[in-house]
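Below is one structure, written out as structure tokens; comments come after it.
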Amino acid sequence: MSRSRTGSYPAALSLVAVAALALSACSGGGSISGASGGKTLVVDTSFNLKTADPGRMFEPTGQIVDKALYETLLTFKGGDVTKPVAGLASSYELSADGKTLTLRLRTGAKFSDGSAVTADDVVYSLNRVVALKGNPSFLLDGVTVSRTDDSTVTLTSKKANPALPFILPNPALGILNAKTVKAHGGSETYLNKTSAGSGPYTLTSFNTNTQVVLTKNPKYTGPQKPAYDKIVLRNVQAPTQKLNVQRGDSQIALDLTSDQVKGLTGGLKVTSGPSSDVIFLLLNQDTKVSSATANAEFAQAVRKGIDYDGLLSLAGTGSVQPAGIIPSTFLGSLPSSGKTTRDLAAAKAALKASGIAKPSVTLGYASDLTVDGLSLQTLAERVQSQLKEVGITVTLAPAPTTTELDNYRNGKEQTGLWYWGPDYPDPSDYLVFLPGNLVGLRAGWKAGADDTLTALGDKAATTTDQATRKTLYEQIQTRLNESGPFIPLMQPSRNTVAASSVTGVAYNPVWTIDVAALGAK
Amino acid sequence: MSPRWVPSRRGAGGVGGRLLARHPLARHPLARHPLARFPLARFLLRRTATAVLLAFGVTLVTFVLTNLVPGDPAAASLGQRAIGDPAIVAQFRHHYGLDKPLPVQYVTYLGNLLQGDLGESQQSHQPVLTDLSTAVPATLELAGAAIVVSLVVGVAFGVVAALRRDRFTDQLLRVVSLLGVSVPTFWLALLAFYVFFYRLGIAPGSGRIAPDLTAPPHVTGLYTVDAALAGQWPVFWSAVGHLMLPALVLTAYTVGLLTRFTRSAVLEVLGQDYVRAARAKGLPARTVLFQYVLRAALVPVITVAGLAFGALLSGTVLVESIFAWPGLGAYAYRSATTLDLPAVMGVGLVVGIVYLTVNLAVDVLYGVIDPRVRVQ
């Protein structure tokens, strides 16, 4: 065998490899703005997306998509969720008893097919959300929608519902073109292929695993015309998002953690602030589950034993410790001066007063769950070591989310580490933490366990005056902090990274980001 | 000379060639069977029947395992408020048939499966078949490109290493192949993406095509093929470009594996008497290599290639995540973590079918390469 013949193989193979990379290079990466004759904005996010149908949608990525495709009766401006502003309705009025909300529709509003938005479309769309019995149906529990005249709709609630103006901006309550949707049998498949709204964008393509493409709606009649002709929302994991936005392959990255945004260069703008997700510790009040956690002094020992600042250091810049269970940016939140601080001596004294010798509890949490980039596993380990200093043995009981959710929802956890993301930015969403309510029951806190708190809750739920509501919710949280089974730990930071060419970036707790409100330099 | 196999000089040829006329079965009592004259057809028929049974076995195992996992699909799928409403939970269970006893659920699944219905995904709200029709081609495009490159490069490296035994080239290739099998694929993916995309800027970013391009009309689901069929050449080149880096990353392990196996197989054959005889009688080196050495050495290589393809499919889970490649790995991960049972079943079935098909292909290839297999 001639050796000289075979000597050329490695060289040839090297050439193949080089050629492959060269070919790869030819197809190019880099910025794509303007590549198809208009401005394109690429937004990278880790998808949590099931559907584009507003009546069925209640996932974070779905909120971004539907916010761009559908207009709602009321909306919020930027990140300010304390004041609903005009959307498809130019004005609204809540009756004194809080049961009747009257909305007047904006004149001249048109769907993307050019037909006018009518009161009938509003009635159809909102009734559809309730009838579908999907994730967002609860938003309109007990609400009847009726058409008063061509340009007025009335929403009547069985009980006083002062939160309704704060609920209506949710993109799940986007207004559909009733005629078009009915013609397609109200089908979700149809609404995942194309949109039937009056929003600033229309749906071009939709894939729950890959990407969603939105195209500017030329017939949009809203106040602010969108700056980009096309929006591409891509499903990308956080580490890759960072490289993409740095390289200019995307213009916005939504899921970078505080560690990942450190030292970002190249003219990128980082917007950091507290998320509206509140991570809390739950102490079960059911003595059958744990006699220790049901003990009020033990709860006090835990509350005083946690080093809140130590936990915040895990979440980085932008994270805050809420003084109560209501996020710091919402109406009714307690001022930061009221937040609990660590007092090791008081914690040990409380533990002694509890009469429990060598207390030992298990801490259930979803080990695969990250809240705004913060792993609950890391947080649980820190809580464990902090409580050890008090003299409480915490045994970690990690499980996959799907498994642990069952334990949490069935009230089986002795202590649990969870978070509550707001369904709508109104303090009434947090009444679920009261005894006998959804989350209260998960902590074994049955109805009748605290009548004062229940009475306060009932009053807050039906009070319409904003100042009185604020006072009531503050009172509720103060009492919850004193004797409730929940210990609010933190609101992690929420970072949005954008190219310098993008303006108007604002984090909104409901829809994360309004892509139609973004400007271009 | 020991009674060793002397390779046919007629080349690889077809399986159903003249050899089969002298097949022992031709004189067997069963020879009257209509398929007796077509052993390959019989073989394929038998294997396909087995594969169908195995596929049903796969569905049973997947079904039992997914239902053994503690956790409630309704809790995993419904929102924090909806789960508190018994009417919504009941509707969810009814919609997905979760309110029926498990055996009934399984039988219903099988009945639907026979009609080509794999159920509806609880996450995407679409038929699982629709989801798979985009996820499977994405992964096949990636793994297919990777296995082709691996076979070409791995076998070539192995042959070169064997021919240059203990020389510098051999040592170098052995180090390269050792690195290939040792380096974790996800780490290499991160590194490659960082270096070639972020630092050097010569590779395109994540995804299957550039974001400003529209996916080609769905025919095969392979973007390269579909774009070429539609004559959309910018999309084609973008798809090829996006395919390169993740495919090359995936090849690192399989190239290393194939190099090592090919090298040892070729070395073994090179020492055989018939190779020496072929050289002694003055046959050209190329003929000896391709017709005498490689053909005999390929049998173990084919086995490893089959296994490597399986490894590629599992390796894609992490690579797909890093390159934002919307394939089967990403779909399987999402389905499993959200207890999306119909999707998990669909993925299990597809992976099972791929393995069965690859094994069948490997077995047929044995027959193509090694005549002894054909007469057994």
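Every chain in the structure tokens takes a letter, A first, then B, and so on in the order presented; its residues are numbered from 1, and the ligands are numbered from 1 following the presented order.
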Discussion item. Env of A:Ser333: 9 Å cut, atoms = only C-alpha atoms, seq-sep filter 3 positions within chain, self excluded. Answer as a list in words.
Written reply: Pro322, Ala323, Gly324, Ile325, Ile326, Pro327, Ser328, Thr329, Phe330, Ser336, Pro427, Lys470, Tyr473, Glu474 and Gln477 of chain A
Keeping only N, CA and C atoms, write the selected residues to a file as a compact mmCIF listing (two decimals), in the first residue's frame.
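In the end it all went to result34.txt:
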```
# COMPACT_ATOMS: atom_id res chain seq x y z
N PRO A 322 -40.82 42.76 49.82
CA PRO A 322 -42.10 43.44 50.03
C PRO A 322 -42.44 43.40 51.52
N ALA A 323 -43.10 44.47 51.98
CA ALA A 323 -43.44 44.50 53.40
C ALA A 323 -44.63 43.59 53.70
N GLY A 324 -45.42 43.31 52.68
CA GLY A 324 -46.56 42.42 52.86
C GLY A 324 -46.66 41.49 51.66
N ILE A 325 -47.79 40.80 51.53
CA ILE A 325 -47.93 39.83 50.45
C ILE A 325 -48.24 40.53 49.11
N ILE A 326 -48.71 41.79 49.18
CA ILE A 326 -49.02 42.54 47.95
C ILE A 326 -47.73 43.18 47.41
N PRO A 327 -47.42 43.01 46.13
CA PRO A 327 -46.17 43.53 45.57
C PRO A 327 -46.03 45.04 45.77
N SER A 328 -44.80 45.48 45.88
CA SER A 328 -44.52 46.87 46.24
C SER A 328 -45.05 47.88 45.23
N THR A 329 -45.33 47.44 44.00
CA THR A 329 -45.76 48.40 42.98
C THR A 329 -47.28 48.51 42.86
N PHE A 330 -48.02 47.74 43.66
CA PHE A 330 -49.48 47.72 43.55
C PHE A 330 -50.13 48.61 44.59
N SER A 336 -42.25 50.31 52.60
CA SER A 336 -41.09 49.44 52.87
C SER A 336 -40.63 49.57 54.33
N PRO A 427 -55.15 44.74 44.40
CA PRO A 427 -54.92 44.03 45.68
C PRO A 427 -55.94 42.94 45.96
N LYS A 470 -57.14 51.16 49.95
CA LYS A 470 -55.71 51.15 50.27
C LYS A 470 -55.52 50.89 51.78
N TYR A 473 -56.48 47.24 52.73
CA TYR A 473 -55.49 46.22 52.33
C TYR A 473 -54.22 46.33 53.18
N GLU A 474 -53.90 47.52 53.60
CA GLU A 474 -52.74 47.66 54.49
C GLU A 474 -53.02 47.00 55.83
N GLN A 477 -52.77 43.21 55.51
CA GLN A 477 -51.40 42.71 55.46
C GLN A 477 -50.69 42.81 56.80
```
Fill in: strand (DSSP E) call set, DSSP backbone run, stretch 269-360 of chain A, as a count of residues only
13
Worksheet entry | Proximal residues of chain B relative to chain A (only C-alpha atoms; 6 Å) as a ChimeraX atom specification | /B:70-71,76,79,82,88,123-124,198,202-205,237-238,241,244,285,324,326
Practice prompt. Please provide the set of residues having any atom within 7 Å of stretch 77-92 of chain A, restricted to only C-alpha atoms, with same-chain residues fewer than 6 positions apart removed, written as a list of chain:residue names.
Written response: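 Answer for this query is A:Glu71, A:Leu101, A:Thr102, A:Leu103, A:Arg104, A:Leu105, A:Arg106, A:Pro165, A:Phe166, A:Phe330, A:Leu331, A:Pro425, A:Ala506, A:Tyr507, A:Asn508.
Residues in contact with B:Ala343 at up to 9 Å, not including ones fewer than 6 positions away on its chain and judged by only C-alpha atoms, are Leu118, Gly119, Glu120, Ser121, Gln122, Gln123, Pro127, Val128, Leu129, Asp131, Leu132, Tyr331, Ala332, Ser335 and Ala336 of chain B.
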Worksheet item: Counting only C-alpha atoms, what is within 10 Å of A:Ala516, bar same-chain residues fewer than 6 positions away, as a PyMOL selection string?
Response: chain A and resi 64+67-69+199-201+216+224-229+231+504
Suppose we keep C-alpha atoms; can you now write the selection as an mmCIF file, in the first residue's frame?
```
data_model
loop_
_atom_site.group_PDB
_atom_site.id
_atom_site.type_symbol
_atom_site.label_atom_id
_atom_site.label_comp_id
_atom_site.auth_asym_id
_atom_site.auth_seq_id
_atom_site.Cartn_x
_atom_site.Cartn_y
_atom_site.Cartn_z
ATOM 1 C CA ILE A 64 -47.175 39.512 24.967
ATOM 2 C CA LYS A 67 -51.457 42.417 23.777
ATOM 3 C CA ALA A 68 -50.154 43.198 20.282
ATOM 4 C CA LEU A 69 -53.013 41.500 18.406
ATOM 5 C CA GLY A 199 -54.669 45.601 17.781
ATOM 6 C CA PRO A 200 -51.576 47.245 16.294
ATOM 7 C CA TYR A 201 -50.364 43.916 14.837
ATOM 8 C CA LYS A 216 -48.064 45.680 11.480
ATOM 9 C CA GLN A 224 -49.925 55.333 18.851
ATOM 10 C CA LYS A 225 -48.893 53.711 15.570
ATOM 11 C CA PRO A 226 -46.352 50.883 15.946
ATOM 12 C CA ALA A 227 -42.758 51.648 14.959
ATOM 13 C CA TYR A 228 -41.818 48.211 13.633
ATOM 14 C CA ASP A 229 -43.260 46.567 10.543
ATOM 15 C CA ILE A 231 -42.027 41.569 15.244
ATOM 16 C CA GLY A 504 -39.779 52.982 25.264
#
```
